[in-house]
file query-v2.txt (compact mmCIF, C-alpha atoms and all ligand atoms)
# COMPACT_ATOMS: atom_id res chain seq x y z
CA THR A 1 75.29 91.68 95.12
CA THR A 2 75.95 88.17 93.91
CA ASP A 3 79.62 88.45 92.94
CA SER A 4 81.73 85.89 94.76
CA LYS A 5 85.01 86.69 96.45
CA THR A 6 87.78 85.08 94.49
CA ILE A 7 90.86 87.28 94.67
CA PRO A 8 93.10 86.84 97.74
CA ALA A 9 94.58 90.14 98.91
CA THR A 10 96.59 91.25 101.93
CA LEU A 11 94.95 93.87 104.14
CA ILE A 12 97.05 95.97 106.51
CA ALA A 13 94.95 98.10 108.86
CA GLY A 14 97.93 100.26 109.81
CA ASP A 15 98.35 102.74 112.64
CA GLY A 16 96.60 105.89 113.87
CA ILE A 17 93.54 106.53 111.71
CA GLY A 18 94.42 103.40 109.67
CA PRO A 19 91.94 100.99 111.29
CA GLU A 20 89.12 103.57 111.04
CA ILE A 21 89.56 104.30 107.34
CA VAL A 22 90.31 100.66 106.45
CA GLU A 23 87.03 99.62 108.09
CA SER A 24 85.17 102.28 106.12
CA VAL A 25 86.77 101.22 102.84
CA THR A 26 86.18 97.48 103.31
CA GLU A 27 82.51 98.17 104.11
CA ILE A 28 82.13 100.13 100.87
CA LEU A 29 83.97 97.42 98.91
CA ASP A 30 81.61 94.82 100.39
CA THR A 31 78.61 96.93 99.40
CA VAL A 32 79.60 96.76 95.71
CA GLY A 33 80.56 93.08 95.95
CA ALA A 34 84.30 93.54 95.44
CA PRO A 35 86.07 90.21 94.80
CA PHE A 36 88.79 90.50 97.46
CA VAL A 37 89.28 87.79 100.09
CA TRP A 38 91.24 89.63 102.79
CA ASP A 39 94.25 88.16 104.52
CA ARG A 40 94.63 90.56 107.46
CA GLN A 41 98.23 91.25 108.48
CA LEU A 42 100.14 93.61 110.74
CA ALA A 43 102.72 96.29 109.97
CA GLY A 44 103.98 99.57 111.43
CA MET A 45 103.65 100.18 115.18
CA ALA A 46 101.03 97.42 115.31
CA GLY A 47 103.78 95.06 114.10
CA VAL A 48 106.31 96.45 116.58
CA ASP A 49 103.86 96.01 119.47
CA ALA A 50 102.95 92.45 118.47
CA VAL A 51 106.26 90.94 117.32
CA ASN A 52 108.83 93.76 117.63
CA ASP A 53 109.01 94.13 113.86
CA PRO A 54 107.41 96.94 111.78
CA LEU A 55 107.24 94.58 108.82
CA PRO A 56 106.76 91.04 110.19
CA LYS A 57 107.84 88.04 108.09
CA GLN A 58 104.27 86.81 108.06
CA THR A 59 103.12 90.03 106.40
CA ILE A 60 105.82 89.75 103.74
CA GLU A 61 104.88 86.09 103.17
CA SER A 62 101.23 87.07 102.77
CA ILE A 63 102.03 89.68 100.11
CA ARG A 64 104.27 87.15 98.39
CA ARG A 65 101.31 84.77 98.23
CA THR A 66 98.64 87.27 97.16
CA GLY A 67 100.76 89.70 95.10
CA LEU A 68 98.22 92.32 96.08
CA ALA A 69 97.83 94.53 99.14
CA LEU A 70 95.75 97.38 100.47
CA LYS A 71 97.69 99.18 103.15
CA GLY A 72 96.52 101.66 105.77
CA PRO A 73 99.00 104.37 106.78
CA LEU A 74 101.85 103.22 109.00
CA THR A 75 103.55 105.17 111.76
CA THR A 76 107.29 105.14 111.19
CA PRO A 77 108.90 103.93 114.44
CA VAL A 78 111.40 106.52 115.69
CA GLY A 79 114.68 105.02 116.91
CA GLY A 80 115.04 101.29 117.53
CA GLY A 81 117.11 100.88 114.37
CA PHE A 82 114.20 99.63 112.28
CA LYS A 83 114.59 99.74 108.52
CA SER A 84 112.06 101.88 106.61
CA ILE A 85 108.93 99.82 105.91
CA ASN A 86 108.28 101.37 102.53
CA VAL A 87 111.86 100.93 101.37
CA THR A 88 111.81 97.27 102.49
CA LEU A 89 108.55 96.64 100.64
CA ARG A 90 109.88 98.29 97.48
CA GLN A 91 113.06 96.25 97.51
CA GLU A 92 111.44 92.95 98.56
CA PHE A 93 108.86 93.05 95.77
CA GLY A 94 110.71 95.16 93.19
CA LEU A 95 107.98 97.83 93.32
CA PHE A 96 109.56 99.94 90.62
CA ALA A 97 106.63 102.20 89.72
CA ASN A 98 104.86 104.63 91.99
CA LEU A 99 101.65 105.74 90.37
CA ARG A 100 99.79 108.83 91.55
CA PRO A 101 96.63 109.90 89.77
CA THR A 102 95.45 113.47 90.36
CA LYS A 103 91.87 114.24 89.57
CA THR A 104 89.57 117.07 90.63
CA ILE A 105 86.72 115.66 92.68
CA ILE A 106 85.68 118.67 94.71
CA PRO A 107 84.51 121.37 92.30
CA GLY A 108 85.20 125.02 93.01
CA GLY A 109 88.71 124.47 94.38
CA ARG A 110 91.75 126.26 93.06
CA PHE A 111 91.75 124.14 89.90
CA ASP A 112 88.78 122.45 88.24
CA ASP A 113 88.90 119.57 85.76
CA ILE A 114 92.38 118.35 86.55
CA ASP A 115 93.02 114.81 85.39
CA LEU A 116 96.62 113.70 85.21
CA VAL A 117 98.72 110.73 86.27
CA LEU A 118 102.29 110.85 87.54
CA PHE A 119 104.69 107.90 87.44
CA ARG A 120 107.68 108.06 89.75
CA GLU A 121 110.60 105.67 89.44
CA ASN A 122 110.70 104.00 92.83
CA LEU A 123 114.00 102.11 93.19
CA GLU A 124 116.90 104.24 91.98
CA GLY A 125 118.01 107.88 91.67
CA TYR A 126 119.06 109.70 94.84
CA TYR A 127 117.04 107.33 97.00
CA ALA A 128 119.95 104.95 96.92
CA ALA A 129 121.06 107.23 99.80
CA MET A 130 124.76 106.59 99.32
CA GLU A 131 126.00 109.45 101.46
CA HIS A 132 129.07 110.37 103.41
CA TYR A 133 130.97 113.32 104.88
CA ILE A 134 134.37 114.63 103.93
CA PRO A 135 136.27 116.45 106.68
CA VAL A 136 137.34 120.04 106.11
CA GLY A 137 140.01 121.31 108.53
CA ASP A 138 138.89 120.22 112.00
CA ASP A 139 135.25 119.87 110.93
CA PRO A 140 134.60 116.16 110.27
CA LYS A 141 131.38 117.08 108.48
CA GLY A 142 132.80 119.90 106.38
CA ILE A 143 131.33 118.54 103.16
CA ALA A 144 128.35 116.23 102.70
CA LEU A 145 128.39 114.04 99.64
CA SER A 146 125.55 112.08 98.09
CA SER A 147 125.50 109.98 94.98
CA GLY A 148 122.62 108.47 93.07
CA PHE A 149 122.35 106.05 90.20
CA ASN A 150 119.98 105.31 87.34
CA SER A 151 120.30 102.15 85.31
CA ARG A 152 119.44 102.08 81.63
CA ALA A 153 117.23 99.02 82.16
CA GLU A 154 115.22 100.68 84.94
CA CYS A 155 114.83 103.96 83.02
CA ARG A 156 113.47 102.00 80.10
CA ARG A 157 111.14 99.91 82.27
CA ILE A 158 109.46 102.86 84.04
CA VAL A 159 109.02 104.93 80.86
CA LYS A 160 107.68 101.91 78.97
CA PHE A 161 105.28 101.27 81.87
CA ALA A 162 103.98 104.86 81.61
CA PHE A 163 103.48 104.56 77.84
CA GLU A 164 101.69 101.21 78.21
CA TYR A 165 99.43 102.80 80.84
CA ALA A 166 98.70 105.64 78.41
CA VAL A 167 97.72 103.18 75.68
CA LYS A 168 95.49 101.10 77.95
CA ASN A 169 93.78 104.11 79.52
CA ASN A 170 93.19 106.18 76.40
CA ARG A 171 95.64 108.86 77.42
CA LYS A 172 97.12 111.04 74.69
CA THR A 173 100.43 112.44 75.87
CA VAL A 174 103.37 111.30 77.97
CA THR A 175 105.72 113.96 79.33
CA ILE A 176 109.19 112.92 80.45
CA VAL A 177 110.51 115.15 83.23
CA HIS A 178 114.27 115.39 83.74
CA LYS A 179 117.19 117.70 84.51
CA ALA A 180 119.50 116.48 81.79
CA ASN A 181 120.86 120.00 81.21
CA ILE A 182 122.66 119.83 84.59
CA LEU A 183 122.66 116.18 85.74
CA LYS A 184 123.81 115.20 82.28
CA LEU A 185 124.55 111.57 83.02
CA LEU A 186 122.17 110.71 85.87
CA THR A 187 119.03 112.09 84.27
CA GLY A 188 120.48 112.27 80.76
CA LEU A 189 120.33 108.48 80.62
CA PHE A 190 116.69 108.62 81.69
CA LEU A 191 115.92 111.09 78.90
CA GLU A 192 117.91 109.09 76.35
CA GLU A 193 116.03 105.88 77.11
CA GLY A 194 112.75 107.81 77.34
CA ARG A 195 113.18 109.17 73.83
CA LYS A 196 113.83 105.67 72.49
CA VAL A 197 110.68 104.31 74.13
CA ALA A 198 108.67 107.30 72.84
CA GLU A 199 109.80 106.45 69.32
CA GLU A 200 108.20 103.00 69.68
CA TYR A 201 104.84 104.65 70.38
CA LYS A 202 105.08 107.25 67.64
CA GLY A 203 101.73 107.93 66.01
CA ARG A 204 99.88 106.43 68.97
CA ILE A 205 100.98 108.47 72.00
CA GLU A 206 102.37 112.00 71.84
CA PHE A 207 105.60 112.70 73.63
CA ASN A 208 106.89 115.80 75.41
CA GLU A 209 109.96 116.49 77.51
CA ARG A 210 110.26 119.08 80.27
CA ILE A 211 113.01 120.18 82.59
CA VAL A 212 111.83 119.63 86.17
CA ASP A 213 111.96 123.26 87.34
CA ALA A 214 109.99 124.48 84.33
CA CYS A 215 107.57 121.60 84.84
CA ALA A 216 106.92 122.67 88.45
CA MET A 217 106.02 126.16 87.32
CA GLN A 218 103.84 124.95 84.47
CA LEU A 219 101.99 122.54 86.76
CA VAL A 220 100.87 125.57 88.76
CA ILE A 221 100.22 127.93 85.84
CA ASN A 222 98.56 125.50 83.43
CA PRO A 223 98.20 121.96 84.78
CA TRP A 224 95.65 121.05 82.10
CA GLN A 225 98.42 120.70 79.51
CA PHE A 226 99.64 117.54 81.29
CA ASP A 227 98.25 114.04 80.84
CA VAL A 228 100.76 111.34 81.87
CA ILE A 229 104.04 112.43 83.50
CA VAL A 230 106.97 110.07 84.07
CA THR A 231 110.05 111.03 86.05
CA THR A 232 112.89 109.88 88.28
CA ASN A 233 112.61 109.13 92.00
CA LEU A 234 113.37 112.45 93.72
CA PHE A 235 111.63 114.66 91.14
CA GLY A 236 108.60 112.35 91.31
CA ASP A 237 108.52 112.59 95.09
CA ILE A 238 108.34 116.37 94.97
CA LEU A 239 106.08 116.79 91.93
CA SER A 240 103.54 114.24 93.18
CA ASP A 241 102.97 116.22 96.37
CA LEU A 242 102.63 119.33 94.25
CA THR A 243 99.98 117.67 92.08
CA ALA A 244 98.11 116.44 95.20
CA GLY A 245 97.99 120.07 96.29
CA LEU A 246 96.24 121.02 93.04
CA VAL A 247 93.17 118.99 93.96
CA GLY A 248 92.58 119.42 97.66
CA GLY A 249 95.61 117.96 99.37
CA LEU A 250 96.64 114.66 100.87
CA GLY A 251 93.18 113.66 102.14
CA MET A 252 92.16 113.00 98.53
CA ALA A 253 95.38 111.50 97.15
CA PRO A 254 95.74 107.75 96.45
CA GLY A 255 98.86 105.96 95.32
CA ALA A 256 99.97 102.57 94.02
CA ASN A 257 103.37 100.89 94.15
CA ILE A 258 103.59 98.42 91.33
CA GLY A 259 106.23 95.80 90.62
CA GLU A 260 106.69 92.49 88.91
CA LYS A 261 105.87 90.43 91.97
CA ALA A 262 103.28 92.56 93.74
CA ALA A 263 101.19 95.72 93.78
CA VAL A 264 100.58 97.69 96.97
CA PHE A 265 97.82 100.30 97.15
CA GLU A 266 97.67 103.04 99.78
CA ALA A 267 96.64 106.57 100.67
CA VAL A 268 99.41 109.11 100.25
CA HIS A 269 98.80 110.59 103.71
CA GLY A 270 100.18 109.25 106.98
CA SER A 271 98.61 107.88 110.16
CA ALA A 272 97.37 111.32 111.34
CA PRO A 273 98.04 110.74 115.05
CA ASP A 274 96.48 114.13 115.89
CA ILE A 275 92.99 112.90 114.95
CA ALA A 276 93.36 109.13 115.50
CA GLY A 277 90.48 107.55 117.42
CA LYS A 278 88.26 110.62 117.06
CA GLY A 279 86.18 109.12 114.27
CA ILE A 280 86.65 112.12 111.98
CA ALA A 281 89.24 110.82 109.49
CA ASN A 282 88.51 111.18 105.79
CA PRO A 283 88.48 107.70 104.18
CA LEU A 284 88.44 108.99 100.58
CA ALA A 285 92.17 108.76 99.81
CA LEU A 286 92.24 105.11 100.83
CA LEU A 287 88.95 104.49 99.04
CA LEU A 288 90.44 105.98 95.86
CA ALA A 289 93.42 103.63 96.35
CA ALA A 290 90.96 100.72 96.56
CA VAL A 291 89.40 101.96 93.31
CA MET A 292 92.86 101.78 91.69
CA MET A 293 93.19 98.26 93.06
CA LEU A 294 89.87 97.26 91.46
CA ARG A 295 91.09 98.62 88.12
CA HIS A 296 94.35 96.71 88.59
CA VAL A 297 92.37 93.44 88.77
CA ASN A 298 90.25 94.50 85.78
CA ARG A 299 87.10 95.30 87.71
CA ASN A 300 86.52 98.67 86.09
CA ASP A 301 82.79 98.12 86.50
CA LEU A 302 83.05 98.23 90.30
CA ALA A 303 85.68 100.99 90.21
CA ASP A 304 83.37 103.17 88.09
CA ARG A 305 80.52 102.59 90.52
CA ILE A 306 82.56 103.73 93.50
CA ASP A 307 83.96 106.71 91.57
CA ALA A 308 80.43 107.78 90.69
CA GLY A 309 79.31 107.32 94.30
CA ILE A 310 82.16 109.49 95.60
CA LYS A 311 81.34 112.19 93.07
CA LYS A 312 77.68 112.15 94.02
CA VAL A 313 78.32 112.41 97.76
CA ILE A 314 81.07 115.02 97.49
CA THR A 315 79.39 117.34 94.97
CA ASN A 316 76.20 117.13 97.01
CA GLY A 317 78.38 118.69 99.70
CA THR A 318 76.29 117.99 102.77
CA VAL A 319 78.37 115.06 104.04
CA ARG A 320 82.00 116.09 104.27
CA THR A 321 84.62 115.41 106.91
CA LYS A 322 86.35 118.25 108.74
CA ASP A 323 89.40 118.34 106.44
CA LEU A 324 86.99 118.99 103.55
CA GLY A 325 85.28 121.82 105.41
CA GLY A 326 82.35 119.84 106.82
CA ASN A 327 81.51 118.29 110.17
CA ALA A 328 80.60 114.72 109.19
CA THR A 329 82.21 111.79 110.98
CA THR A 330 83.96 108.91 109.21
CA LYS A 331 80.85 106.81 109.87
CA ASP A 332 78.50 109.49 108.41
CA LEU A 333 80.56 109.69 105.23
CA THR A 334 80.83 105.90 105.02
CA ALA A 335 77.06 105.52 105.35
CA ALA A 336 76.47 108.14 102.63
CA LEU A 337 78.98 106.44 100.32
CA LYS A 338 77.45 103.00 100.91
CA GLN A 339 74.05 104.39 100.00
CA ALA A 340 75.44 106.09 96.89
CA VAL A 341 77.16 102.94 95.54
CA ALA A 342 74.45 100.43 96.49
P1 LIG A 401 99.93 112.82 108.13
O1 LIG A 401 99.61 112.69 106.68
O2 LIG A 401 99.65 111.65 108.99
O3 LIG A 401 99.14 114.08 108.72
C1 LIG A 401 99.29 115.42 108.23
C2 LIG A 401 98.01 116.23 108.55
O4 LIG A 401 96.96 115.82 107.68
C3 LIG A 401 97.49 116.01 109.97
O5 LIG A 401 96.96 117.23 110.47
C4 LIG A 401 96.38 115.00 109.79
O6 LIG A 401 95.36 115.08 110.76
C5 LIG A 401 95.85 115.34 108.41
N1 LIG A 401 95.32 114.15 107.72
C6 LIG A 401 96.05 113.16 107.12
N2 LIG A 401 95.26 112.21 106.63
C7 LIG A 401 93.98 112.59 106.92
C8 LIG A 401 92.70 112.01 106.65
N3 LIG A 401 92.57 110.86 106.00
N4 LIG A 401 91.60 112.67 107.11
C9 LIG A 401 91.71 113.84 107.75
N5 LIG A 401 92.90 114.44 108.02
C10 LIG A 401 94.02 113.83 107.61
O7 LIG A 401 101.47 113.23 108.21
P2 LIG A 401 102.45 113.25 109.48
O8 LIG A 401 101.71 113.79 110.68
O9 LIG A 401 103.65 113.94 109.00
O10 LIG A 401 102.84 111.74 109.75
C11 LIG A 401 102.28 110.90 110.76
C12 LIG A 401 102.90 109.52 110.69
O11 LIG A 401 102.56 108.89 109.45
C13 LIG A 401 104.43 109.51 110.75
O12 LIG A 401 104.83 108.42 111.54
C14 LIG A 401 104.84 109.30 109.31
O13 LIG A 401 106.10 108.68 109.20
C15 LIG A 401 103.74 108.41 108.81
N6 LIG A 401 103.53 108.43 107.34
C16 LIG A 401 103.19 107.26 106.76
C17 LIG A 401 102.90 107.19 105.40
C18 LIG A 401 102.52 105.86 104.79
O14 LIG A 401 102.40 104.87 105.49
N7 LIG A 401 102.30 105.78 103.49
C19 LIG A 401 102.93 108.36 104.63
C20 LIG A 401 103.25 109.58 105.25
C21 LIG A 401 103.54 109.60 106.62
call {"tool": "encode", "arguments": {"input": "query-v2.txt", "output": "structure tokens"}}
result
Amino acid sequence: TTDSKTIPATLIAGDGIGPEIVESVTEILDTVGAPFVWDRQLAGMAGVDAVNDPLPKQTIESIRRTGLALKGPLTTPVGGGFKSINVTLRQEFGLFANLRPTKTIIPGGRFDDIDLVLFRENLEGYYAAMEHYIPVGDDPKGIALSSGFNSRAECRRIVKFAFEYAVKNNRKTVTIVHKANILKLLTGLFLEEGRKVAEEYKGRIEFNERIVDACAMQLVINPWQFDVIVTTNLFGDILSDLTAGLVGGLGMAPGANIGEKAAVFEAVHGSAPDIAGKGIANPLALLLAAVMMLRHVNRNDLADRIDAGIKKVITNGTVRTKDLGGNATTKDLTAALKQAVA
């Protein structure tokens, strides 16, 4: 292809299967002439090994410069007192929206024709992790207490973001998921702001509200009724794994963390240490994240081409990795995908 590379972006290979799937994805991006100029940086155990820091300053500086990153899965260092990498990234770059699209790619699974998008608020709620114990009698940990917070401004921002996404992507309905019947203030404020935002889109985007427990059941019984879902941090964490399960699990699930100063794209799965180095990892989740990244920089043309290539290879069914019931290697699948998108 003749497209020139003009968009600087940070590339983090990550740990475990990270380098294998990142190599696969960058090869496929090159095949379609994607515009990214990669600034390769370290994070995770690779960062700890190199500079004793799971999120080195240089990596943060790179993302600050590019505002755009594709990130392989990172192994969370156990012990050592390191701060969570994902939490640091979210706070550093104000990544307030976690976006998880769920789309059926492999036909004949439990659910066909699923196509929904879930937005999870990424900065507030119970993830503030303000916790402590209260002693009871001689038990110093007799009661565990946790408090969360939601700010009106943040509730408004995430719901507005979901509605704007719906408008731009020809979606019809936004469903706000809450538990305002019990957590009357914490999620009541979210619902209150959500309703106000919905009013601004009246006549353009339909609006529904669901209580989270009912929503979980309905996602399993009739997921086709949902289009765009927006919810608070903890509910979004749980429901987005549920929706990934509707379409073949974590190996097919991409995600994006979007903020004012940066956007970070990744696979939902982890570094899969059990299969690292064996050459059998499925690169599709990270490839789907790269497709989201192309759409983020308005290269829907290239994103559509890769989407079509994935569909072709997967529905053909002869080249699938082990997690998808086949025996193809990462390299086999990469070669088939490169041929399909060329
Ligand atoms: P995992 O997602 O790495 O693995 C769970 C299972 O799914 C394993 O059997 C693995 O082999 C399989 N699997 C995952 N991705 C696959 C792929 N692309 N192809 C084929 N099989 C795949 O979850 P885990 O084992 O709980 O976590 C391992 C490490 O990853 C931990 O250190 C964890 O903290 C970290 N983690 C990182 C992220 C991230 O960086 N976004 C997310 C989740 C977990």
call {"tool": "residues_near_point", "arguments": {"input": "query-v2.txt", "point": "(98.7, 112.7, 82.7)", "cutoff": "9 Å", "atoms": "only C-alpha atoms", "output": "list in words"}}
result
Pro101, Thr102, Asp115, Leu116, Val117, Leu118, Ala166, Arg171, Lys172, Thr173, Val174, Thr175, Trp224, Gln225, Phe226, Asp227, Val228, Ile229 and Val230 of chain A
call {"tool": "residues_around", "arguments": {"input": "query-v2.txt", "residues": "A:Lys168", "least_positions_apart": "5", "cutoff": "12 Å", "atoms": "only C-alpha atoms", "output": "tab-separated table (two decimals) with C-alpha atoms, in the coordinates of the input"}}
result
chain	number	residue	atom	x	y	z
A	161	PHE	CA	105.28	101.27	81.87
A	162	ALA	CA	103.98	104.86	81.61
A	163	PHE	CA	103.48	104.56	77.84
A	204	ARG	CA	99.88	106.43	68.97
A	205	ILE	CA	100.98	108.47	72.00
A	295	ARG	CA	91.09	98.62	88.12
A	296	HIS	CA	94.35	96.71	88.59
A	298	ASN	CA	90.25	94.50	85.78
call {"tool": "closest_residue", "arguments": {"input": "query-v2.txt", "among": "A:Asn300, A:Gln218, A:Asn122, A:Ser84", "to": "ligand LIG 401 (chain A)", "atoms": "all atoms listed in the file"}}
result
A:Ser84
call {"tool": "atom_distance", "arguments": {"input": "query-v2.txt", "atom1": "atom CA of A:Asn170", "atom2": "atom CA of A:Ala153"}}
result
25.7 Å
call {"tool": "residues_around", "arguments": {"input": "query-v2.txt", "residues": "A:Glu23", "least_positions_apart": "5", "cutoff": "12 Å", "atoms": "only C-alpha atoms", "output": "ChimeraX atom specification"}}
result
/A:11-14,17-18,28-30,40,70-72,279,281-283,286-287,330-331,334-335
call {"tool": "residues_near_ligand", "arguments": {"input": "query-v2.txt", "ligand": "ligand LIG 401 (chain A)", "cutoff": "6 Å", "atoms": "all atoms listed in the file", "output": "CSV table (one decimal) with C-alpha atoms, keeping the file's coordinate frame"}}
result
chain,number,residue,atom,x,y,z
A,73,PRO,CA,99.0,104.4,106.8
A,74,LEU,CA,101.8,103.2,109.0
A,75,THR,CA,103.6,105.2,111.8
A,76,THR,CA,107.3,105.1,111.2
A,251,GLY,CA,93.2,113.7,102.1
A,268,VAL,CA,99.4,109.1,100.2
A,269,HIS,CA,98.8,110.6,103.7
A,270,GLY,CA,100.2,109.2,107.0
A,271,SER,CA,98.6,107.9,110.2
A,272,ALA,CA,97.4,111.3,111.3
A,274,ASP,CA,96.5,114.1,115.9
A,275,ILE,CA,93.0,112.9,115.0
A,281,ALA,CA,89.2,110.8,109.5
A,282,ASN,CA,88.5,111.2,105.8
A,283,PRO,CA,88.5,107.7,104.2
A,323,ASP,CA,89.4,118.3,106.4
call {"tool": "atom_distance", "arguments": {"input": "query-v2.txt", "atom1": "atom CA of A:Val32", "atom2": "atom CA of A:Ala342"}}
result
6.4 Å
call {"tool": "closest_residue", "arguments": {"input": "query-v2.txt", "among": "A:Leu189, A:Ala198, A:Ile211, A:Leu246", "to": "A:Asp113", "atoms": "all atoms listed in the file"}}
result
A:Leu246
call {"tool": "atom_distance", "arguments": {"input": "query-v2.txt", "atom1": "atom CA of A:Asp112", "atom2": "atom CA of A:Gly245"}}
result
12.5 Å
call {"tool": "build_atoms", "arguments": {"input": "query-v2.txt", "residues": "stretch 325-338 of chain A", "atoms": "N, CA and C atoms", "output": "mmCIF file, keeping the file's coordinate frame"}}
result
data_model
loop_
_atom_site.group_PDB
_atom_site.id
_atom_site.type_symbol
_atom_site.label_atom_id
_atom_site.label_comp_id
_atom_site.auth_asym_id
_atom_site.auth_seq_id
_atom_site.Cartn_x
_atom_site.Cartn_y
_atom_site.Cartn_z
ATOM 1 N N GLY A 325 86.092 120.661 105.051
ATOM 2 C CA GLY A 325 85.280 121.820 105.410
ATOM 3 C C GLY A 325 83.911 121.493 105.978
ATOM 4 N N GLY A 326 83.645 120.216 106.255
ATOM 5 C CA GLY A 326 82.350 119.840 106.820
ATOM 6 C C GLY A 326 82.464 119.438 108.275
ATOM 7 N N ASN A 327 81.403 118.796 108.803
ATOM 8 C CA ASN A 327 81.510 118.290 110.170
ATOM 9 C C ASN A 327 81.018 116.848 110.293
ATOM 10 N N ALA A 328 81.025 116.126 109.168
ATOM 11 C CA ALA A 328 80.600 114.720 109.190
ATOM 12 C C ALA A 328 81.679 113.853 109.822
ATOM 13 N N THR A 329 81.262 112.753 110.454
ATOM 14 C CA THR A 329 82.210 111.790 110.980
ATOM 15 C C THR A 329 82.572 110.788 109.880
ATOM 16 N N THR A 330 83.585 109.967 110.166
ATOM 17 C CA THR A 330 83.960 108.910 109.210
ATOM 18 C C THR A 330 82.747 108.018 108.945
ATOM 19 N N LYS A 331 82.018 107.706 110.008
ATOM 20 C CA LYS A 331 80.850 106.810 109.870
ATOM 21 C C LYS A 331 79.743 107.460 109.032
ATOM 22 N N ASP A 332 79.505 108.779 109.223
ATOM 23 C CA ASP A 332 78.500 109.490 108.410
ATOM 24 C C ASP A 332 78.854 109.390 106.927
ATOM 25 N N LEU A 333 80.129 109.690 106.632
ATOM 26 C CA LEU A 333 80.560 109.690 105.230
ATOM 27 C C LEU A 333 80.494 108.277 104.656
ATOM 28 N N THR A 334 80.880 107.288 105.470
ATOM 29 C CA THR A 334 80.830 105.900 105.020
ATOM 30 C C THR A 334 79.390 105.492 104.692
ATOM 31 N N ALA A 335 78.470 105.864 105.567
ATOM 32 C CA ALA A 335 77.060 105.520 105.350
ATOM 33 C C ALA A 335 76.549 106.168 104.054
ATOM 34 N N ALA A 336 76.910 107.439 103.842
ATOM 35 C CA ALA A 336 76.470 108.140 102.630
ATOM 36 C C ALA A 336 77.052 107.483 101.380
ATOM 37 N N LEU A 337 78.322 107.083 101.466
ATOM 38 C CA LEU A 337 78.980 106.440 100.320
ATOM 39 C C LEU A 337 78.350 105.080 100.037
ATOM 40 N N LYS A 338 78.056 104.325 101.103
ATOM 41 C CA LYS A 338 77.450 103.000 100.910
ATOM 42 C C LYS A 338 76.093 103.133 100.213
#
